[in-house]
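For reference, final_17.txt is printed below; it contains compact mmCIF, C-alpha atoms and all ligand atoms.
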# COMPACT_ATOMS: atom_id res chain seq x y z
CA MET A 35 0.00 0.00 0.00
CA SER A 36 1.38 3.41 -0.91
CA ASP A 37 1.92 6.06 1.76
CA ARG A 38 -0.82 8.08 0.14
CA THR A 39 -3.32 5.25 0.35
CA ALA A 40 -2.38 4.53 3.96
CA HIS A 41 -2.82 8.19 4.83
CA ALA A 42 -6.16 8.30 3.03
CA LYS A 43 -7.43 5.34 5.03
CA GLN A 44 -6.25 6.91 8.27
CA VAL A 45 -8.10 10.16 7.55
CA LEU A 46 -11.20 8.34 6.31
CA ALA A 47 -11.30 6.15 9.39
CA ALA A 48 -11.74 9.27 11.55
CA GLN A 49 -14.04 11.22 9.22
CA THR A 50 -17.34 12.34 10.73
CA ILE A 51 -20.39 13.50 8.80
CA GLU A 52 -23.22 14.94 10.86
CA LEU A 53 -26.77 13.89 10.05
CA PRO A 54 -29.76 16.24 10.10
CA SER A 55 -32.57 15.05 12.38
CA TRP A 56 -35.11 16.40 9.89
CA ALA A 57 -33.94 14.02 7.18
CA PHE A 58 -35.68 11.17 9.03
CA GLY A 59 -39.09 12.83 9.16
CA ASN A 60 -41.54 13.17 6.31
CA SER A 61 -40.70 15.88 3.81
CA GLY A 62 -41.75 16.99 0.40
CA THR A 63 -42.21 19.98 -1.80
CA ARG A 64 -44.81 22.71 -1.53
CA PHE A 65 -46.95 20.53 -3.75
CA LYS A 66 -47.08 17.34 -1.70
CA VAL A 67 -45.53 15.53 1.22
CA PHE A 68 -45.64 11.78 0.62
CA ALA A 69 -45.85 10.12 4.02
CA GLN A 70 -43.64 7.08 4.56
CA GLN A 71 -44.30 4.23 6.96
CA GLY A 72 -42.14 3.83 10.04
CA VAL A 73 -41.11 7.47 10.17
CA PRO A 74 -40.02 8.70 13.64
CA ARG A 75 -42.62 10.39 15.78
CA ASP A 76 -40.32 12.29 18.11
CA PRO A 77 -36.67 13.35 18.46
CA PHE A 78 -35.82 10.17 20.38
CA GLU A 79 -36.91 8.01 17.44
CA LYS A 80 -35.06 10.30 15.02
CA LEU A 81 -31.87 9.66 16.99
CA ALA A 82 -32.52 5.91 16.88
CA ASP A 83 -32.72 6.05 13.09
CA ALA A 84 -29.61 8.22 12.86
CA ALA A 85 -27.77 5.67 14.98
CA GLN A 86 -28.53 3.09 12.26
CA VAL A 87 -26.70 5.21 9.71
CA ASN A 88 -23.73 5.38 12.04
CA GLN A 89 -23.89 1.67 12.79
CA TYR A 90 -23.44 0.73 9.13
CA THR A 91 -21.08 3.51 8.02
CA GLY A 92 -19.08 4.18 11.18
CA ALA A 93 -18.83 7.78 10.00
CA ALA A 94 -21.98 9.51 11.23
CA GLY A 95 -21.55 9.88 14.96
CA SER A 96 -23.50 13.09 15.49
CA VAL A 97 -26.94 14.46 14.75
CA ALA A 98 -27.97 18.06 14.23
CA LEU A 99 -31.17 19.21 15.92
CA HIS A 100 -33.62 21.75 14.62
CA ILE A 101 -35.46 23.89 17.13
CA PRO A 102 -38.45 23.91 17.56
CA TRP A 103 -38.94 20.71 15.51
CA ASP A 104 -36.83 18.79 18.04
CA LYS A 105 -38.05 20.48 21.19
CA VAL A 106 -38.13 18.20 24.23
CA ASP A 107 -38.70 18.83 27.92
CA ASP A 108 -35.34 17.44 28.94
CA TYR A 109 -32.39 17.99 26.61
CA GLN A 110 -29.97 16.26 28.92
CA ALA A 111 -32.16 13.16 28.66
CA LEU A 112 -32.06 13.47 24.87
CA ALA A 113 -28.27 13.79 24.96
CA ALA A 114 -28.09 10.72 27.24
CA HIS A 115 -30.33 8.81 24.79
CA ALA A 116 -27.93 9.73 21.99
CA ALA A 117 -24.97 8.52 24.04
CA ASP A 118 -26.76 5.21 24.72
CA LEU A 119 -27.07 4.82 20.93
CA GLY A 120 -23.38 5.51 20.44
CA ILE A 121 -23.89 8.94 18.91
CA ARG A 122 -24.05 12.53 20.14
CA ILE A 123 -26.03 15.68 19.53
CA GLY A 124 -24.23 18.13 17.26
CA THR A 125 -25.21 21.45 15.76
CA ILE A 126 -28.31 23.27 16.97
CA ASN A 127 -30.23 24.78 14.05
CA SER A 128 -32.51 27.72 14.72
CA ASN A 129 -35.84 28.39 13.06
CA THR A 130 -37.14 31.93 12.62
CA PHE A 131 -39.29 31.31 9.57
CA GLN A 132 -42.38 29.36 10.53
CA ASP A 133 -44.33 31.75 12.75
CA ASP A 134 -46.94 34.09 11.30
CA ASP A 135 -45.02 36.94 12.92
CA TYR A 136 -42.14 36.32 10.52
CA MET A 137 -43.96 37.12 7.29
CA LEU A 138 -41.79 40.21 6.74
CA GLY A 139 -38.70 38.69 8.31
CA SER A 140 -37.35 37.83 11.74
CA VAL A 141 -34.10 39.45 12.85
CA CYS A 142 -34.42 42.01 10.04
CA HIS A 143 -38.14 42.68 10.54
CA PRO A 144 -39.08 46.37 10.65
CA ASP A 145 -40.97 45.84 13.94
CA PRO A 146 -38.62 45.72 16.96
CA ALA A 147 -41.05 43.42 18.80
CA VAL A 148 -40.65 40.74 16.14
CA ARG A 149 -36.89 41.15 16.23
CA ARG A 150 -36.97 40.70 20.00
CA LYS A 151 -39.01 37.52 19.61
CA ALA A 152 -36.55 36.13 17.07
CA THR A 153 -33.60 37.10 19.26
CA ALA A 154 -35.15 35.34 22.24
CA HIS A 155 -35.47 32.19 20.15
CA LEU A 156 -31.81 32.34 19.13
CA LEU A 157 -30.73 32.83 22.73
CA GLU A 158 -32.91 29.87 23.74
CA CYS A 159 -31.00 27.82 21.16
CA VAL A 160 -27.77 28.69 22.99
CA ASP A 161 -29.39 27.55 26.26
CA ILE A 162 -30.16 24.24 24.53
CA MET A 163 -26.54 24.01 23.37
CA ASP A 164 -25.48 24.37 27.00
CA ALA A 165 -27.79 21.47 27.95
CA THR A 166 -26.79 19.16 25.09
CA GLY A 167 -23.11 20.03 25.04
CA SER A 168 -23.36 21.28 21.45
CA THR A 169 -20.68 23.63 20.25
CA ASP A 170 -22.27 25.05 17.11
CA LEU A 171 -25.29 27.28 16.57
CA LYS A 172 -26.35 27.31 12.93
CA LEU A 173 -28.20 30.39 11.78
CA TRP A 174 -30.09 30.51 8.55
CA PHE A 175 -32.46 33.42 8.01
CA ALA A 176 -35.33 33.34 5.55
CA ASP A 177 -35.39 37.14 5.86
CA GLY A 178 -35.63 39.27 2.78
CA THR A 179 -38.03 41.20 0.59
CA ASN A 180 -40.10 40.40 -2.46
CA TYR A 181 -40.46 43.84 -4.04
CA PRO A 182 -38.19 46.82 -4.65
CA GLY A 183 -38.97 49.51 -2.11
CA GLN A 184 -40.62 47.08 0.31
CA ASP A 185 -38.01 47.83 3.00
CA SER A 186 -34.61 49.45 3.31
CA ILE A 187 -31.86 47.03 2.29
CA ALA A 188 -29.31 48.90 4.41
CA ASP A 189 -31.51 49.22 7.49
CA ARG A 190 -32.18 45.51 7.41
CA GLN A 191 -28.42 44.87 7.49
CA ASP A 192 -28.16 47.12 10.58
CA ARG A 193 -30.94 45.15 12.31
CA LEU A 194 -29.25 41.87 11.40
CA ALA A 195 -25.89 43.04 12.74
CA ASP A 196 -27.51 44.16 16.00
CA VAL A 197 -29.17 40.78 16.65
CA LEU A 198 -26.08 38.82 15.63
CA ALA A 199 -24.03 40.84 18.12
CA GLN A 200 -26.47 39.98 20.92
CA VAL A 201 -26.31 36.27 20.10
CA TYR A 202 -22.55 36.35 19.73
CA ALA A 203 -22.21 37.92 23.16
CA ARG A 204 -24.20 35.05 24.66
CA LEU A 205 -21.90 32.31 23.28
CA GLY A 206 -19.90 30.40 25.86
CA ASP A 207 -16.31 29.26 25.63
CA GLY A 208 -15.92 26.73 22.87
CA GLN A 209 -19.25 27.68 21.25
CA ARG A 210 -19.53 29.06 17.74
CA LEU A 211 -22.07 30.86 15.62
CA LEU A 212 -22.24 29.54 12.05
CA LEU A 213 -23.95 31.85 9.59
CA GLU A 214 -25.49 30.33 6.48
CA TYR A 215 -26.30 32.23 3.31
CA LYS A 216 -28.79 31.57 0.54
CA LEU A 217 -29.21 33.29 -2.80
CA PHE A 218 -33.00 33.30 -2.97
CA GLU A 219 -36.11 31.66 -1.58
CA PRO A 220 -38.34 32.21 0.26
CA SER A 221 -37.67 35.84 -0.60
CA PHE A 222 -37.32 36.62 -4.27
CA TYR A 223 -36.07 40.21 -4.55
CA THR A 224 -33.52 40.40 -1.75
CA MET A 225 -32.34 37.92 0.80
CA ASP A 226 -30.70 39.57 3.79
CA VAL A 227 -27.84 37.04 3.77
CA PRO A 228 -27.70 36.09 0.08
CA ASP A 229 -24.06 35.17 -0.39
CA TRP A 230 -20.79 34.25 1.28
CA GLY A 231 -19.54 37.82 1.10
CA THR A 232 -22.41 39.08 3.25
CA ALA A 233 -22.01 36.22 5.71
CA TYR A 234 -18.26 36.77 5.80
CA ALA A 235 -18.60 40.51 6.44
CA HIS A 236 -20.89 39.91 9.41
CA CYS A 237 -18.72 37.13 10.82
CA LEU A 238 -15.58 39.22 10.46
CA LYS A 239 -17.16 42.03 12.46
CA LEU A 240 -18.47 39.66 15.13
CA GLY A 241 -15.16 37.97 15.89
CA PRO A 242 -13.40 34.61 15.91
CA LYS A 243 -16.39 32.63 17.20
CA ALA A 244 -18.42 33.50 14.08
CA GLN A 245 -17.85 31.54 10.89
CA VAL A 246 -19.57 30.94 7.56
CA VAL A 247 -21.52 27.84 6.54
CA ILE A 248 -21.63 26.76 2.92
CA ASP A 249 -24.85 25.02 1.92
CA THR A 250 -23.96 23.58 -1.46
CA GLY A 251 -27.49 24.15 -2.78
CA HIS A 252 -27.65 27.86 -1.94
CA HIS A 253 -25.86 29.36 -4.93
CA ALA A 254 -26.63 30.54 -8.41
CA PRO A 255 -26.24 27.83 -11.05
CA GLY A 256 -22.64 27.59 -12.20
CA THR A 257 -21.15 29.15 -9.06
CA ASN A 258 -17.65 27.88 -8.40
CA ILE A 259 -18.15 26.62 -4.85
CA GLU A 260 -14.62 25.31 -4.46
CA PHE A 261 -13.35 28.84 -4.98
CA ILE A 262 -15.51 29.99 -2.06
CA VAL A 263 -14.13 27.09 -0.02
CA ALA A 264 -10.56 28.12 -0.80
CA MET A 265 -11.23 31.79 0.06
CA LEU A 266 -12.98 31.10 3.36
CA LEU A 267 -10.31 28.59 4.39
CA ARG A 268 -7.65 31.14 3.59
CA GLU A 269 -9.38 33.66 5.84
CA GLY A 270 -10.03 31.16 8.63
CA LYS A 271 -13.77 31.68 8.31
CA LEU A 272 -15.04 28.36 7.01
CA GLY A 273 -17.15 26.92 9.83
CA GLY A 274 -19.03 24.14 8.15
CA PHE A 275 -20.96 22.61 5.31
CA ASP A 276 -24.54 21.72 4.64
CA PHE A 277 -24.03 19.04 2.02
CA ASN A 278 -26.68 18.23 -0.55
CA SER A 279 -27.12 18.17 -4.32
CA ARG A 280 -29.03 20.31 -6.71
CA PHE A 281 -29.90 20.36 -10.36
CA TYR A 282 -31.78 23.65 -10.35
CA ALA A 283 -32.23 25.51 -7.04
CA ASP A 284 -32.21 24.39 -3.41
CA ASP A 285 -33.18 20.85 -4.37
CA ASP A 286 -31.82 19.19 -1.18
CA LEU A 287 -31.10 15.96 -3.04
CA MET A 288 -28.50 13.48 -1.82
CA VAL A 289 -24.98 14.87 -1.75
CA GLY A 290 -22.83 13.67 -4.61
CA SER A 291 -25.81 12.49 -6.63
CA ALA A 292 -26.24 15.38 -9.04
CA ASP A 293 -22.60 16.33 -9.51
CA PRO A 294 -20.05 14.00 -7.92
CA PHE A 295 -17.25 15.86 -9.69
CA GLN A 296 -18.18 19.11 -7.95
CA LEU A 297 -18.14 17.33 -4.58
CA PHE A 298 -14.69 15.96 -5.43
CA ARG A 299 -13.44 19.44 -6.35
CA ILE A 300 -14.71 20.79 -3.04
CA MET A 301 -13.11 17.96 -1.07
CA HIS A 302 -9.86 18.49 -2.99
CA GLU A 303 -9.59 22.08 -1.74
CA LEU A 304 -10.19 20.83 1.79
CA ALA A 305 -7.78 17.91 1.50
CA LEU A 306 -5.06 20.25 0.22
CA ARG A 307 -5.34 22.14 3.51
CA GLY A 308 -5.57 18.96 5.59
CA VAL A 309 -8.99 19.80 6.99
CA VAL A 310 -11.16 16.83 6.08
CA GLY A 311 -10.40 15.01 9.32
CA ALA A 312 -12.43 14.81 12.48
CA ASP A 313 -10.56 17.56 14.35
CA SER A 314 -10.57 20.07 11.51
CA GLY A 315 -12.87 22.56 13.20
CA ILE A 316 -15.15 22.33 10.16
CA ALA A 317 -18.64 20.94 10.80
CA TYR A 318 -19.41 18.58 7.94
CA MET A 319 -23.13 18.06 7.87
CA LEU A 320 -25.81 16.78 5.54
CA ASP A 321 -28.83 19.01 4.95
CA GLN A 322 -31.13 17.02 2.75
CA CYS A 323 -34.70 15.91 2.29
CA HIS A 324 -35.61 12.41 1.18
CA ASN A 325 -38.95 13.10 -0.41
CA ILE A 326 -39.36 9.96 -2.51
CA GLU A 327 -36.63 7.60 -1.30
CA PRO A 328 -36.47 5.77 2.05
CA LYS A 329 -34.77 7.96 4.58
CA ILE A 330 -32.26 5.78 6.43
CA PRO A 331 -30.78 4.21 3.27
CA GLY A 332 -30.82 7.69 1.72
CA GLN A 333 -28.62 8.93 4.55
CA ILE A 334 -26.35 5.88 4.33
CA ARG A 335 -25.90 6.45 0.61
CA SER A 336 -25.15 10.13 1.24
CA VAL A 337 -22.46 9.37 3.82
CA MET A 338 -20.91 6.89 1.37
CA ASN A 339 -20.95 9.52 -1.37
CA VAL A 340 -19.03 11.95 0.85
CA GLN A 341 -16.58 9.20 1.78
CA GLU A 342 -15.97 8.36 -1.88
CA ALA A 343 -15.36 11.98 -2.85
CA THR A 344 -13.08 12.40 0.15
CA ALA A 345 -11.12 9.27 -0.69
CA LYS A 346 -10.55 10.46 -4.25
CA ALA A 347 -9.45 13.87 -2.99
CA LEU A 348 -6.99 12.25 -0.58
CA LEU A 349 -5.53 10.18 -3.42
CA VAL A 350 -4.54 13.23 -5.48
CA ASP A 351 -0.80 13.03 -6.04
CA THR A 352 -0.11 16.46 -4.59
CA ASP A 353 3.63 16.22 -5.25
CA ALA A 354 3.09 15.56 -8.95
CA LEU A 355 0.42 18.25 -8.99
CA ALA A 356 2.79 20.84 -7.52
CA VAL A 357 5.50 19.94 -10.04
CA ALA A 358 3.10 20.22 -12.97
CA GLN A 359 1.68 23.51 -11.69
CA ALA A 360 5.13 25.03 -11.17
CA ALA A 361 6.16 23.96 -14.66
CA GLY A 362 3.05 25.51 -16.17
CA ASP A 363 2.06 22.07 -17.40
CA VAL A 364 -1.63 22.73 -17.85
CA LEU A 365 -2.59 19.33 -19.19
CA GLY A 366 -0.30 17.47 -16.80
CA ALA A 367 -1.76 19.20 -13.75
CA ASN A 368 -5.29 18.54 -14.89
CA ALA A 369 -4.39 14.90 -15.56
CA VAL A 370 -3.13 14.45 -12.00
CA LEU A 371 -6.46 15.63 -10.66
CA MET A 372 -8.49 13.54 -13.10
CA ASP A 373 -6.45 10.42 -12.32
CA ALA A 374 -7.53 10.69 -8.71
CA TYR A 375 -11.14 11.45 -9.63
CA ASN A 376 -11.32 8.47 -11.95
CA THR A 377 -9.96 6.05 -9.34
CA ASP A 378 -12.51 3.51 -8.17
CA VAL A 379 -12.20 4.00 -4.40
CA ARG A 380 -14.98 1.59 -3.49
CA PRO A 381 -12.59 -1.35 -2.85
CA LEU A 382 -10.48 0.88 -0.58
CA LEU A 383 -13.54 1.93 1.43
CA ALA A 384 -14.82 -1.65 1.62
CA GLU A 385 -11.45 -2.74 2.96
CA LEU A 386 -11.45 0.09 5.49
CA ARG A 387 -14.93 -0.87 6.73
CA GLU A 388 -13.87 -4.48 7.23
CA GLU A 389 -10.84 -3.30 9.18
CA GLN A 390 -13.24 -1.29 11.34
CA GLY A 391 -15.41 -4.33 11.97
CA LEU A 392 -18.17 -3.04 9.68
CA ASP A 393 -19.83 -4.73 6.74
CA ALA A 394 -18.10 -3.88 3.47
CA ASP A 395 -21.48 -2.93 1.97
CA PRO A 396 -23.45 -0.64 4.32
CA MET A 397 -26.52 -0.50 2.06
CA ALA A 398 -26.85 -4.27 1.87
CA ALA A 399 -26.10 -4.73 5.56
CA TYR A 400 -28.82 -2.26 6.55
CA ALA A 401 -31.32 -3.83 4.14
CA ALA A 402 -30.61 -7.27 5.62
CA SER A 403 -30.91 -6.04 9.21
CA GLY A 404 -34.71 -5.97 9.24
CA TYR A 405 -34.74 -2.53 10.91
CA ALA A 406 -36.92 -0.98 8.19
CA GLU A 407 -39.57 -3.67 8.65
CA LYS A 408 -39.33 -3.37 12.43
CA ILE A 409 -40.00 0.39 12.55
CA LYS A 410 -42.89 0.02 10.10
CA ALA A 411 -44.47 -2.52 12.44
CA ASP A 412 -43.58 -0.77 15.70
CA ARG A 413 -44.37 2.84 14.89
CA GLN A 414 -48.12 2.69 14.71
CA GLY A 415 -50.17 5.62 15.95
CA GLY A 416 -48.81 8.95 17.04
CA ARG A 417 -47.86 11.68 14.62
CA ALA A 418 -45.08 11.17 12.12
CA ALA A 419 -42.36 13.80 12.31
CA GLY A 420 -42.01 16.27 9.50
CA TRP A 421 -41.55 19.96 8.92
CA GLY A 422 -43.02 21.83 11.82
CA ALA A 423 -43.11 18.75 14.06
MN MN B 1 -28.79 24.39 4.92
Would you put the structure from the file into structure tokens?
Ligand SMILES: [Mn+2]
Amino acid sequence: MSDRTAHAKQVLAAQTIELPSWAFGNSGTRFKVFAQQGVPRDPFEKLADAAQVNQYTGAAGSVALHIPWDKVDDYQALAAHAADLGIRIGTINSNTFQDDDYMLGSVCHPDPAVRRKATAHLLECVDIMDATGSTDLKLWFADGTNYPGQDSIADRQDRLADVLAQVYARLGDGQRLLLEYKLFEPSFYTMDVPDWGTAYAHCLKLGPKAQVVIDTGHHAPGTNIEFIVAMLLREGKLGGFDFNSRFYADDDLMVGSADPFQLFRIMHELALRGVVGADSGIAYMLDQCHNIEPKIPGQIRSVMNVQEATAKALLVDTDALAVAQAAGDVLGANAVLMDAYNTDVRPLLAELREEQGLDADPMAAYAASGYAEKIKADRQGGRAAGWGA
């Protein structure tokens, strides 16, 4: 085995991809939510399903919560439940977009009372982080406007900065604020955090505990996301990823399904800087919806897709790449990258799983486990989890 392969296996063995709790509940589009059988009815059952993904991949040891969808009376009990399942609670995701009060925005709303309500929610999320031991608060704001003249673009930025400063001041030692941006939707004229530049500017002003989150589906078509990755890494402001795939807009399809080459290019920038490992300080998370496919296998497949892209990125012959780049060898440099991309890394990952005591084929092992049939039979009655639940 080459040194490069051995190193790749070592990094892959420690790689962690966080799962979103909401991926296990029912989801859909604004046209229809197709209910699936056996879907979790509460956050405890969501964690149980997430633990299945970890059991078969060995690479998904934490679960992101979404508040209020995952509200419980006792967060320490929820954290203990996660620990019993061999996983832990990760990022806390806030929600300031589902109350009637938020029609014109939340933290950027023209009415100070609505801004206070939204701020209180964000501070409550930090309280929950204290209870669960979470280190990251993920902020995504649906705020924006639909029509020119509807509100002052600049004033809304001032309101946003004011609330962010209050939340930042509440963060404890070892806690971070991760600010996510999105080009459009649900607002169609302006979003208040539409791009990485806006998120970066706010995070820079806030301080070292504020960093930017890249949701791969939140850009204009054709955006060079790996360039954004390289820039934010260079500035020490890349806090995490929401991984998913898109063909058109914010499709939230399985990561690596629409454009595996793009995922490879992103992972290459990260591998170059040595930050794909578990202690990188970058929160690697999935943010997906499984509208028509079964949810647990959908998450297993997604984790495998990230592992495959990561493995290819780690196999890039960086020495040969540097030589070709320095020599101005355009085709040679490109060939080095493509050689790694075109490597079939599935045998390497299968071997790694067997070394870890896992089944070489996580999809088949889960299918054979009978868990899907068991939850369909067991989870009768109650209300299936989904958006808003
Ligand atoms: Mn996201």
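Here CA of Gly72 (chain A) is placed at a distance of 15.5 Å from CA of Val87 (chain A).
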*Residues at most 8 Å from Tyr181 (chain A), counting all atoms listed in the file, excluding those fewer than 3 positions away in the same chain, as a PyMOL selection string?*
chain A and resi 184+222-223
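Every protein, DNA or RNA residue with an atom at most 8 Å from region 149-161 of chain A, where only C-alpha atoms count and chain neighbours fewer than 5 positions away do not, is listed here: Ile101, Ile126, Asn127, Ser128, Thr130, Ser140, Val141, Cys142, His143, Pro144, Leu171, Val197, Gln200, Val201, Arg204 and Leu205 of chain A.
The shell of residues at most 12 Å from Met265 (chain A), with only C-alpha atoms counted and near chain neighbours (fewer than 6 positions) removed, consists of Trp230, Gly231, Tyr234, Val246, Ile248, Asn258, Ile259, Lys271, Leu272, Ile300, Glu303, Leu304 and Arg307 of chain A.
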_Give me, as a list in words, all polymer residues having an atom no more than 12 Å from Asp412 (chain A), counting all atoms listed in the file and skipping those fewer than 5 positions away in the same chain._
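Answer for this query is Gln71, Gly72, Val73, Pro74, Arg75, Glu79, Tyr405, Ala406 and Glu407 of chain A.
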Output region 144-164 of chain A as a short mmCIF file (atom, residue, chain, number, x, y, z; two decimals), in the coordinates of the input, making sure N, CA and C atoms are there.
data_model
loop_
_atom_site.label_atom_id
_atom_site.label_comp_id
_atom_site.auth_asym_id
_atom_site.auth_seq_id
_atom_site.Cartn_x
_atom_site.Cartn_y
_atom_site.Cartn_z
N PRO A 144 -39.02 44.95 10.27
CA PRO A 144 -39.08 46.37 10.65
C PRO A 144 -39.62 46.61 12.06
N ASP A 145 -40.38 45.67 12.61
CA ASP A 145 -40.97 45.84 13.94
C ASP A 145 -40.00 45.30 15.01
N PRO A 146 -39.57 46.17 15.94
CA PRO A 146 -38.62 45.72 16.96
C PRO A 146 -39.17 44.57 17.81
N ALA A 147 -40.47 44.49 17.98
CA ALA A 147 -41.05 43.42 18.80
C ALA A 147 -40.81 42.06 18.15
N VAL A 148 -40.92 42.00 16.84
CA VAL A 148 -40.65 40.74 16.14
C VAL A 148 -39.17 40.39 16.22
N ARG A 149 -38.34 41.41 16.11
CA ARG A 149 -36.89 41.15 16.23
C ARG A 149 -36.55 40.63 17.62
N ARG A 150 -37.23 41.18 18.64
CA ARG A 150 -36.97 40.70 20.00
C ARG A 150 -37.40 39.24 20.15
N LYS A 151 -38.54 38.90 19.55
CA LYS A 151 -39.01 37.52 19.61
C LYS A 151 -37.99 36.57 18.95
N ALA A 152 -37.52 36.96 17.79
CA ALA A 152 -36.55 36.13 17.07
C ALA A 152 -35.25 36.01 17.87
N THR A 153 -34.83 37.11 18.46
CA THR A 153 -33.60 37.10 19.26
C THR A 153 -33.74 36.17 20.45
N ALA A 154 -34.90 36.22 21.09
CA ALA A 154 -35.15 35.34 22.24
C ALA A 154 -35.05 33.88 21.83
N HIS A 155 -35.57 33.57 20.65
CA HIS A 155 -35.47 32.19 20.15
C HIS A 155 -34.00 31.78 19.96
N LEU A 156 -33.22 32.67 19.38
CA LEU A 156 -31.81 32.34 19.13
C LEU A 156 -31.06 32.14 20.44
N LEU A 157 -31.39 32.98 21.43
CA LEU A 157 -30.73 32.83 22.73
C LEU A 157 -31.16 31.53 23.40
N GLU A 158 -32.44 31.16 23.20
CA GLU A 158 -32.91 29.87 23.74
C GLU A 158 -32.12 28.72 23.11
N CYS A 159 -31.80 28.86 21.83
CA CYS A 159 -31.00 27.82 21.16
C CYS A 159 -29.63 27.67 21.83
N VAL A 160 -29.07 28.78 22.29
CA VAL A 160 -27.77 28.69 22.99
C VAL A 160 -27.96 28.00 24.35
N ASP A 161 -29.09 28.28 25.01
CA ASP A 161 -29.39 27.55 26.26
C ASP A 161 -29.43 26.04 25.99
N ILE A 162 -30.07 25.66 24.89
CA ILE A 162 -30.16 24.24 24.53
C ILE A 162 -28.77 23.67 24.26
N MET A 163 -27.93 24.45 23.61
CA MET A 163 -26.54 24.01 23.37
C MET A 163 -25.84 23.72 24.70
N ASP A 164 -26.09 24.59 25.67
CA ASP A 164 -25.48 24.37 27.00
C ASP A 164 -25.94 23.03 27.58
#
